[in-house]
$ cat protein-v1.cif   # mmCIF, C-alpha atoms
data_model
loop_
_atom_site.label_atom_id
_atom_site.label_comp_id
_atom_site.auth_asym_id
_atom_site.auth_seq_id
_atom_site.Cartn_x
_atom_site.Cartn_y
_atom_site.Cartn_z
CA MET A 1 -6.50 -5.60 67.72
CA ASP A 2 -8.19 -5.89 71.12
CA LYS A 3 -8.18 -9.69 70.88
CA ASP A 4 -4.40 -9.64 70.40
CA ILE A 5 -3.84 -8.05 73.85
CA ALA A 6 -3.82 -10.60 76.68
CA GLU A 7 -6.47 -10.17 79.36
CA ASN A 8 -3.90 -9.94 82.16
CA SER A 9 -1.52 -7.77 80.15
CA LEU A 10 0.27 -4.92 81.90
CA VAL A 11 -1.10 -2.42 79.39
CA ARG A 12 -4.73 -3.36 80.21
CA ILE A 13 -4.15 -2.91 83.93
CA LEU A 14 -2.49 0.48 83.33
CA ASN A 15 -5.37 1.55 81.09
CA ALA A 16 -7.95 0.60 83.76
CA ILE A 17 -6.04 2.34 86.57
CA VAL A 18 -5.62 5.62 84.67
CA ASP A 19 -9.29 5.51 83.59
CA SER A 20 -10.30 5.20 87.24
CA LEU A 21 -8.45 8.40 88.16
CA ASN A 22 -10.07 11.81 88.09
CA SER A 23 -8.29 13.46 85.18
CA ASP A 24 -10.15 16.78 85.13
CA ASN A 25 -6.86 18.65 85.54
CA PHE A 26 -5.54 17.07 82.34
CA LYS A 27 -8.70 17.91 80.43
CA LYS A 28 -8.23 21.59 81.31
CA LEU A 29 -5.02 21.55 79.26
CA CYS A 30 -7.08 21.29 76.06
CA LYS A 31 -8.19 24.57 74.48
CA GLU A 32 -11.76 25.00 73.30
CA THR A 33 -10.63 26.54 70.00
CA GLY A 34 -8.19 25.45 67.33
CA ARG A 35 -7.45 22.02 65.92
CA CYS A 36 -8.73 18.89 67.62
CA PRO A 37 -5.98 17.97 70.12
CA TYR A 38 -4.72 14.59 71.20
CA HIS A 39 -6.51 13.55 74.37
CA PRO A 40 -4.15 14.31 77.31
CA GLU A 41 -5.30 11.20 79.18
CA MET A 42 -4.26 9.05 76.22
CA MET A 43 -0.90 10.81 76.12
CA LEU A 44 -0.47 10.24 79.86
CA LYS A 45 -1.09 6.50 79.43
CA VAL A 46 1.46 6.27 76.63
CA ILE A 47 4.15 8.16 78.54
CA LEU A 48 3.63 6.18 81.76
CA TYR A 49 3.65 2.87 79.88
CA ALA A 50 6.90 3.89 78.18
CA TYR A 51 8.48 4.80 81.52
CA MET A 52 7.34 1.46 82.96
CA ASN A 53 9.26 -0.25 80.16
CA ASN A 54 12.44 1.83 80.65
CA VAL A 55 11.77 4.02 77.60
CA TYR A 56 12.33 7.69 78.42
CA SER A 57 13.07 9.22 75.02
CA CYS A 58 10.18 10.95 73.23
CA ARG A 59 11.63 9.95 69.86
CA LYS A 60 11.62 6.28 70.88
CA ILE A 61 8.04 6.62 72.13
CA GLU A 62 7.08 8.04 68.73
CA GLN A 63 8.63 5.02 67.00
CA LEU A 64 6.87 2.58 69.36
CA LEU A 65 3.52 4.21 68.57
CA LEU A 66 4.07 3.11 64.95
CA ARG A 67 5.18 -0.49 65.41
CA ASP A 68 4.42 -1.81 68.93
CA ILE A 69 0.93 -3.32 69.29
CA HIS A 70 0.60 -2.39 72.96
CA TYR A 71 1.37 1.30 72.33
CA ILE A 72 -0.92 1.35 69.27
CA TRP A 73 -3.79 -0.16 71.29
CA LEU A 74 -3.19 2.21 74.20
CA ALA A 75 -3.14 5.25 71.91
CA GLY A 76 -6.19 4.13 69.91
CA TYR A 77 -4.28 4.34 66.62
CA GLU A 78 -3.33 7.95 67.34
CA GLN A 79 0.26 8.87 66.35
CA PRO A 80 1.50 12.01 68.13
CA ASP A 81 5.04 12.99 67.23
CA PHE A 82 7.90 13.40 69.68
CA ILE A 83 7.46 17.19 69.89
CA THR A 84 3.84 16.80 70.99
CA ILE A 85 4.80 14.17 73.56
CA ASN A 86 7.59 16.28 74.98
CA ARG A 87 5.45 19.42 75.04
CA LEU A 88 2.76 17.69 77.07
CA ARG A 89 5.31 16.17 79.44
CA ASN A 90 6.76 19.61 80.18
CA ARG A 91 3.31 21.16 80.76
CA VAL A 92 1.93 18.75 83.36
CA LYS A 93 4.25 19.28 86.32
CA ASP A 94 1.40 20.02 88.76
CA GLU A 95 -0.99 17.50 87.21
CA ILE A 96 1.48 14.58 87.36
CA ASN A 97 2.05 15.26 91.06
CA THR A 98 -1.71 14.94 91.61
CA VAL A 99 -1.77 11.65 89.68
CA PHE A 100 1.22 10.46 91.70
CA THR A 101 -0.58 11.15 94.99
CA ARG A 102 -3.71 9.29 93.89
CA LEU A 103 -1.68 6.31 92.73
CA VAL A 104 -0.09 6.09 96.19
CA LEU A 105 -3.50 6.04 97.87
CA ILE A 106 -4.79 3.19 95.68
CA PRO A 107 -2.30 0.55 96.94
CA ALA A 108 -2.72 1.93 100.48
CA ASP A 109 -6.48 1.38 100.30
CA ARG A 110 -5.99 -2.15 98.99
CA GLY A 111 -3.52 -3.02 101.75
CA PHE A 112 -0.44 -3.29 99.55
CA VAL A 113 1.42 -0.60 101.53
CA SER A 114 1.16 1.12 104.87
CA LEU A 115 1.59 4.89 105.17
CA GLU A 116 1.95 4.88 108.95
CA VAL A 117 5.76 5.00 108.93
CA GLU A 118 8.01 6.60 106.33
CA TYR A 119 11.69 6.04 105.62
CA THR A 120 14.29 7.99 103.74
CA ASP A 121 16.52 6.39 101.12
CA GLY A 122 20.15 7.46 100.76
CA ALA A 123 20.48 6.64 97.07
CA LYS A 124 21.65 9.43 94.74
CA ILE A 125 20.97 9.95 91.04
CA GLU A 126 23.50 11.85 88.96
CA SER A 127 22.51 14.95 87.04
CA ARG A 128 23.07 15.46 83.35
CA ALA A 129 25.67 18.13 84.08
CA ASN A 130 29.23 17.83 82.84
CA LYS A 131 31.35 16.73 85.79
CA TYR A 132 34.40 18.59 84.39
CA THR A 133 32.69 22.00 84.49
CA PHE A 134 32.02 22.22 88.22
CA VAL A 135 32.68 25.53 89.95
CA ARG A 136 33.91 25.11 93.52
CA ARG A 137 33.67 27.73 96.24
CA LYS A 138 37.15 27.23 97.71
CA THR A 139 38.80 27.52 94.30
CA GLU A 140 36.83 30.65 93.39
CA GLU A 141 37.58 32.37 96.70
CA ARG A 142 41.27 31.52 96.46
CA ASN A 143 41.58 32.72 92.87
CA ARG A 144 39.61 35.87 93.64
CA ALA A 145 41.98 36.74 96.49
CA LYS A 146 44.97 36.27 94.17
CA LEU A 147 43.32 38.46 91.54
CA LEU A 148 42.71 41.27 94.06
CA ASN A 149 46.42 41.25 94.94
CA LYS A 150 47.31 41.49 91.25
CA ILE A 151 44.90 44.40 90.83
CA ARG A 152 46.36 46.18 93.83
CA VAL A 153 49.92 45.81 92.52
CA LEU A 154 48.92 46.97 89.03
CA LEU A 155 47.12 50.05 90.31
CA GLU A 156 50.14 51.00 92.39
CA GLN A 157 52.24 50.84 89.23
CA VAL A 158 49.71 52.87 87.22
CA ASP A 159 48.91 55.61 89.71
CA GLU A 160 51.23 56.74 92.49
CA ALA A 161 48.33 58.39 94.34
CA ILE A 162 46.67 55.00 94.78
CA ALA A 163 49.91 53.55 96.10
CA GLN A 164 50.21 56.33 98.69
CA GLU A 165 46.56 55.89 99.71
CA ASN A 166 47.05 52.15 100.27
CA ALA A 167 50.20 52.83 102.27
CA VAL A 168 48.32 55.14 104.66
CA LYS A 169 45.43 52.71 105.27
CA ASP A 170 45.87 49.75 107.60
CA THR A 171 43.58 47.46 105.58
CA PRO A 172 43.71 47.18 101.78
CA VAL A 173 40.84 48.52 99.70
CA GLU A 174 38.26 45.94 98.55
CA PHE A 175 37.97 46.50 94.82
CA THR A 176 34.74 46.00 92.90
CA PRO A 177 34.12 45.79 89.13
CA ALA A 178 32.31 49.15 89.22
CA MET A 179 35.26 50.78 91.00
CA LEU A 180 37.68 49.34 88.46
CA SER A 181 35.51 50.55 85.57
CA ASP A 182 35.64 54.11 86.97
CA THR A 183 39.41 53.82 87.40
CA VAL A 184 39.83 52.60 83.81
CA ASN A 185 37.75 55.52 82.49
CA GLU A 186 39.79 58.03 84.50
CA LEU A 187 43.06 56.57 83.25
CA LYS A 188 41.82 56.65 79.65
CA ASP A 189 40.74 60.30 79.98
CA ALA A 190 44.08 61.23 81.51
CA LEU A 191 45.92 59.44 78.71
CA GLU A 192 43.86 61.10 75.98
CA HIS A 193 44.34 64.60 77.40
CA ALA A 194 48.06 64.10 77.89
CA PRO A 195 50.12 66.31 75.52
CA GLN A 196 51.64 64.63 72.49
CA THR A 197 55.43 64.37 72.48
CA ASN A 198 58.16 63.09 70.21
CA ASP A 199 60.38 62.05 73.08
CA ARG A 200 61.20 58.34 72.87
CA GLU A 201 61.03 57.75 76.61
CA GLN A 202 57.66 59.51 76.87
CA LYS A 203 56.29 57.37 74.04
CA LYS A 204 57.51 54.25 75.83
CA VAL A 205 55.75 55.33 79.03
CA ARG A 206 52.57 56.01 77.06
CA ARG A 207 52.64 52.54 75.48
CA GLN A 208 53.20 51.03 78.90
CA LYS A 209 50.20 52.93 80.29
CA LYS A 210 47.97 51.62 77.49
CA LYS A 211 49.14 48.09 78.17
CA GLN A 212 48.40 48.46 81.89
CA ILE A 213 44.91 49.81 81.14
CA LYS A 214 44.14 46.77 78.96
CA GLU A 215 45.45 44.49 81.69
CA LEU A 216 43.28 46.26 84.26
CA GLN A 217 40.23 45.80 82.03
CA ALA A 218 40.95 42.07 81.82
CA TYR A 219 41.28 41.91 85.61
CA ARG A 220 37.95 43.76 85.97
CA ASP A 221 36.18 41.26 83.71
CA LYS A 222 37.69 38.34 85.60
CA LEU A 223 36.66 39.84 88.94
CA MET A 224 33.13 40.26 87.62
CA GLU A 225 33.14 36.58 86.59
CA TYR A 226 34.28 35.47 90.06
CA ASP A 227 31.60 37.62 91.74
CA THR A 228 28.91 36.16 89.46
CA GLN A 229 30.02 32.62 90.21
CA LEU A 230 30.06 33.24 93.96
CA ALA A 231 26.58 34.76 93.74
CA THR A 232 25.37 31.64 91.89
CA LEU A 233 26.92 29.42 94.56
CA ALA A 234 25.00 31.20 97.35
CA GLN A 235 25.13 28.74 100.29
CA ARG A 236 26.43 25.81 98.23
CA ASN A 237 30.03 24.68 97.84
CA SER A 238 29.83 23.85 94.13
CA TYR A 239 27.68 23.92 91.00
CA SER A 240 27.95 22.77 87.42
CA GLY A 241 28.69 25.15 84.58
CA THR A 242 26.26 23.32 82.29
CA ASP A 243 23.50 23.07 84.92
CA PRO A 244 23.73 25.70 87.71
CA ASP A 245 21.05 23.86 89.73
CA ALA A 246 23.28 20.77 90.01
CA THR A 247 25.60 20.42 93.01
CA PHE A 248 28.67 18.19 93.16
CA ILE A 249 28.23 15.24 95.54
CA ARG A 250 30.17 12.06 96.10
CA MET A 251 28.33 8.89 95.14
CA LYS A 252 28.09 5.90 97.49
CA GLU A 253 28.89 3.35 94.82
CA ASP A 254 31.74 0.99 95.50
CA ALA A 255 34.21 -0.51 93.01
CA MET A 256 31.53 -3.02 91.87
CA ASN A 257 29.00 -0.22 91.21
CA ASN A 258 26.84 -1.41 94.12
CA GLU A 259 25.00 1.29 96.02
CA PRO A 260 23.12 0.94 99.32
CA GLY A 261 19.45 1.77 99.25
CA ALA A 262 16.51 -0.53 98.60
CA VAL A 263 13.82 1.27 96.65
CA PHE A 264 15.82 3.89 94.78
CA GLY A 265 18.52 1.31 94.17
CA GLN A 266 15.89 -0.78 92.36
CA MET A 267 14.78 2.27 90.43
CA LYS A 268 18.30 3.07 89.30
CA TYR A 269 19.48 -0.37 88.25
CA ASN A 270 16.33 -2.34 87.43
CA MET A 271 14.73 0.48 85.46
CA ALA A 272 17.95 1.94 84.00
CA TYR A 273 17.47 5.37 85.56
CA ARG A 274 21.00 6.12 86.74
CA HIS A 275 21.17 9.68 85.38
CA PHE A 276 18.68 12.49 85.08
CA ARG A 277 17.87 13.22 81.47
CA HIS A 278 17.04 16.91 81.79
CA VAL A 279 18.79 20.08 82.90
CA GLY A 280 17.31 22.42 85.49
CA LYS A 281 15.54 21.78 88.77
CA ASP A 282 11.98 22.16 87.44
CA ARG A 283 12.42 19.83 84.46
CA VAL A 284 14.28 17.26 86.55
CA ALA A 285 11.45 17.30 89.14
CA MET A 286 8.89 16.82 86.34
CA ASP A 287 10.76 13.91 84.78
CA PHE A 288 11.36 12.19 88.10
CA ALA A 289 7.68 12.59 89.05
CA PHE A 290 6.79 10.69 85.87
CA PHE A 291 9.40 8.08 86.65
CA ALA A 292 8.29 7.60 90.28
CA THR A 293 4.67 7.34 89.15
CA ALA A 294 5.61 4.69 86.58
CA PHE A 295 7.63 2.81 89.22
CA ASN A 296 4.63 2.69 91.57
CA LEU A 297 2.36 1.69 88.70
CA LYS A 298 4.67 -1.17 87.81
CA LYS A 299 4.58 -2.40 91.41
CA LEU A 300 0.80 -1.98 91.62
CA CYS A 301 0.17 -3.78 88.32
CA ALA A 302 2.31 -6.70 89.44
CA LYS A 303 0.36 -6.95 92.70
CA LEU A 304 -2.99 -6.71 90.95
CA ALA A 305 -1.96 -9.41 88.51
CA LYS A 306 -1.02 -11.70 91.42
CA ALA A 307 -4.25 -10.83 93.21
CA GLY A 308 -6.23 -11.86 90.13
CA ASN A 309 -4.48 -15.24 90.20
CA GLY A 310 -5.12 -15.72 93.90
CA ASP A 311 -1.48 -15.29 94.89
CA PHE A 312 -1.93 -11.99 96.75
CA ALA A 313 -1.32 -11.95 100.50
CA PRO A 314 -2.30 -8.71 102.32
CA ASN A 315 0.62 -8.95 104.74
CA ASN A 316 3.18 -9.08 101.94
CA ARG A 317 4.01 -5.38 101.87
CA THR A 318 5.93 -3.81 99.02
CA ALA A 319 7.93 -0.62 98.77
CA VAL A 320 6.56 2.34 96.86
CA VAL A 321 7.72 5.93 96.50
CA VAL A 322 5.38 8.27 98.35
CA SER A 323 7.22 11.56 97.80
CA PRO A 324 9.52 11.90 94.78
CA THR A 325 10.64 15.41 95.77
CA ALA A 326 11.40 14.52 99.40
CA ASN A 327 13.01 11.19 98.45
CA MET A 328 10.78 9.26 100.87
CA ILE A 329 9.26 5.76 100.74
CA SER A 330 6.58 4.02 102.73
CA GLU A 331 7.03 1.23 105.24
CA TYR A 332 8.06 -1.99 103.55
CA ASP A 333 9.02 -5.53 104.37
CA LEU A 334 11.46 -6.91 101.82
CA ALA A 335 12.42 -10.53 101.37
CA ASP A 336 16.09 -9.87 102.14
CA GLY A 337 15.21 -8.14 105.43
CA SER A 338 16.76 -4.81 104.47
CA SER A 339 15.20 -1.57 105.67
CA GLY A 340 15.57 2.16 105.39
CA THR A 341 16.33 4.88 107.93
CA PRO A 342 13.21 6.06 109.82
CA VAL A 343 12.27 9.71 109.72
CA PRO A 344 11.94 11.16 113.24
#
$ encode --input "protein-v1.cif" --output "structure tokens"
Amino acid sequence: MDKDIAENSLVRILNAIVDSLNSDNFKKLCKETGRCPYHPEMMLKVILYAYMNNVYSCRKIEQLLLRDIHYIWLAGYEQPDFITINRLRNRVKDEINTVFTRLVLIPADRGFVSLEVEYTDGAKIESRANKYTFVRRKTEERNRAKLLNKIRVLLEQVDEAIAQENAVKDTPVEFTPAMLSDTVNELKDALEHAPQTNDREQKKVRRQKKKQIKELQAYRDKLMEYDTQLATLAQRNSYSGTDPDATFIRMKEDAMNNEPGAVFGQMKYNMAYRHFRHVGKDRVAMDFAFFATAFNLKKLCAKLAKAGNGDFAPNNRTAVVVSPTANMISEYDLADGSSGTPVP
């Protein structure tokens, strides 16, 4: 099969680059006991090559390992399933950051990029969160204030002593779920120890008291929900119900779906990475580290291929991601003359 892979093929360059890296951290992932594992370096090559070709699904990678000659050659006829691929991808958060750093230094040493000046990119990538489940601070605070007024009115109807106490105080009492739970228990005890009567009016009052207690319990649960949501918000103004780490932001895309930003704009539209594919800050950071590493590898492989053909010019700088978590890129000189915003 080796003769069927072109000498200047992208997969050969990727294989040589990953082999040149110090992968001791990946080797530590293998246990000394148990079944013979798939080599983590081989798995890393397969995942990065898939990301370079806009394939991000572990199930699709599993299928490509069975029918695509480049993946078969890269994996050495090994056929890990999608669970194994995904398990390794989720375990190498620290290791992939180390690989990412080394892959930035390689093009810097060869003169492809300069790390003297860094620029930020204003492009945004949407999370996987449902945009219709966002919890907003202003809405929660407004609804919580309305709920407290309803609780205050209900308690005044249930207990005259509470009404007199609120009338004496200048400022209304700030109710808490614990305080309401104690009030509900007291009202239930008072209702249970009340003498039984056959009077129709007394029975009507008793039914009304039970109804008010149930309503107060519902208000308590709702107040607890508002307090939990505000605690989750912390200093933010919104978060998604399906992914609490996601915050609502307005995208910069215009009516034609064009977004300013050079490098991350290329990453979003040329490599079909417009949305994060995982939920949670840690898993999103892991996936994007893989993606940024694959993006830099794709750039580096293209430059090395040109250098092998004699077309490489040292002054022709290219843009690479140098910090996926900080959203920063190195100095670049693009053909269209665009540039980023310098970091002070």
$ residues_around --input "protein-v1.cif" --residues "A:Lys93" --least-positions-apart "4" --cutoff "9 Å" --atoms "all atoms listed in the file" --output "ChimeraX atom specification"
/A:89,97,282-283,285-287,289-290
$ residues_around --input "protein-v1.cif" --residues "A:Thr228" --least-positions-apart "3" --cutoff "12 Å" --atoms "all atoms listed in the file" --output "CSV table (one decimal) with C-alpha atoms, in the coordinates of the input"
chain,number,residue,atom,x,y,z
A,135,VAL,CA,32.7,25.5,90.0
A,137,ARG,CA,33.7,27.7,96.2
A,140,GLU,CA,36.8,30.6,93.4
A,141,GLU,CA,37.6,32.4,96.7
A,144,ARG,CA,39.6,35.9,93.6
A,176,THR,CA,34.7,46.0,92.9
A,177,PRO,CA,34.1,45.8,89.1
A,221,ASP,CA,36.2,41.3,83.7
A,222,LYS,CA,37.7,38.3,85.6
A,223,LEU,CA,36.7,39.8,88.9
A,224,MET,CA,33.1,40.3,87.6
A,225,GLU,CA,33.1,36.6,86.6
A,231,ALA,CA,26.6,34.8,93.7
A,232,THR,CA,25.4,31.6,91.9
A,233,LEU,CA,26.9,29.4,94.6
A,234,ALA,CA,25.0,31.2,97.4
A,244,PRO,CA,23.7,25.7,87.7
$ atom_distance --input "protein-v1.cif" --atom1 "atom CA of A:Tyr273" --atom2 "atom CA of A:Glu126"
9.5 Å
$ resolve_selection --input "protein-v1.cif" --expression "the PyMOL selection byres ((chain A and resi 239) around 12)" --output "ChimeraX atom specification"
/A:127,129-137,140,229-238,240-249,280
$ resolve_selection --input "protein-v1.cif" --expression "the PyMOL selection byres ((chain A and resi 60-76) around 9)" --output "list in words"
Met1, Asp2, Asp4, Ile5, Val11, Arg12, Asn15, Met42, Met43, Lys45, Val46, Ile47, Tyr49, Ala50, Val55, Tyr56, Ser57, Cys58, Arg59, Tyr77, Glu78, Gln79, Pro80, Asp81, Phe82 and Ile85 of chain A
$ atom_distance --input "protein-v1.cif" --atom1 "atom CA of A:Leu14" --atom2 "atom CA of A:Leu48"
8.5 Å
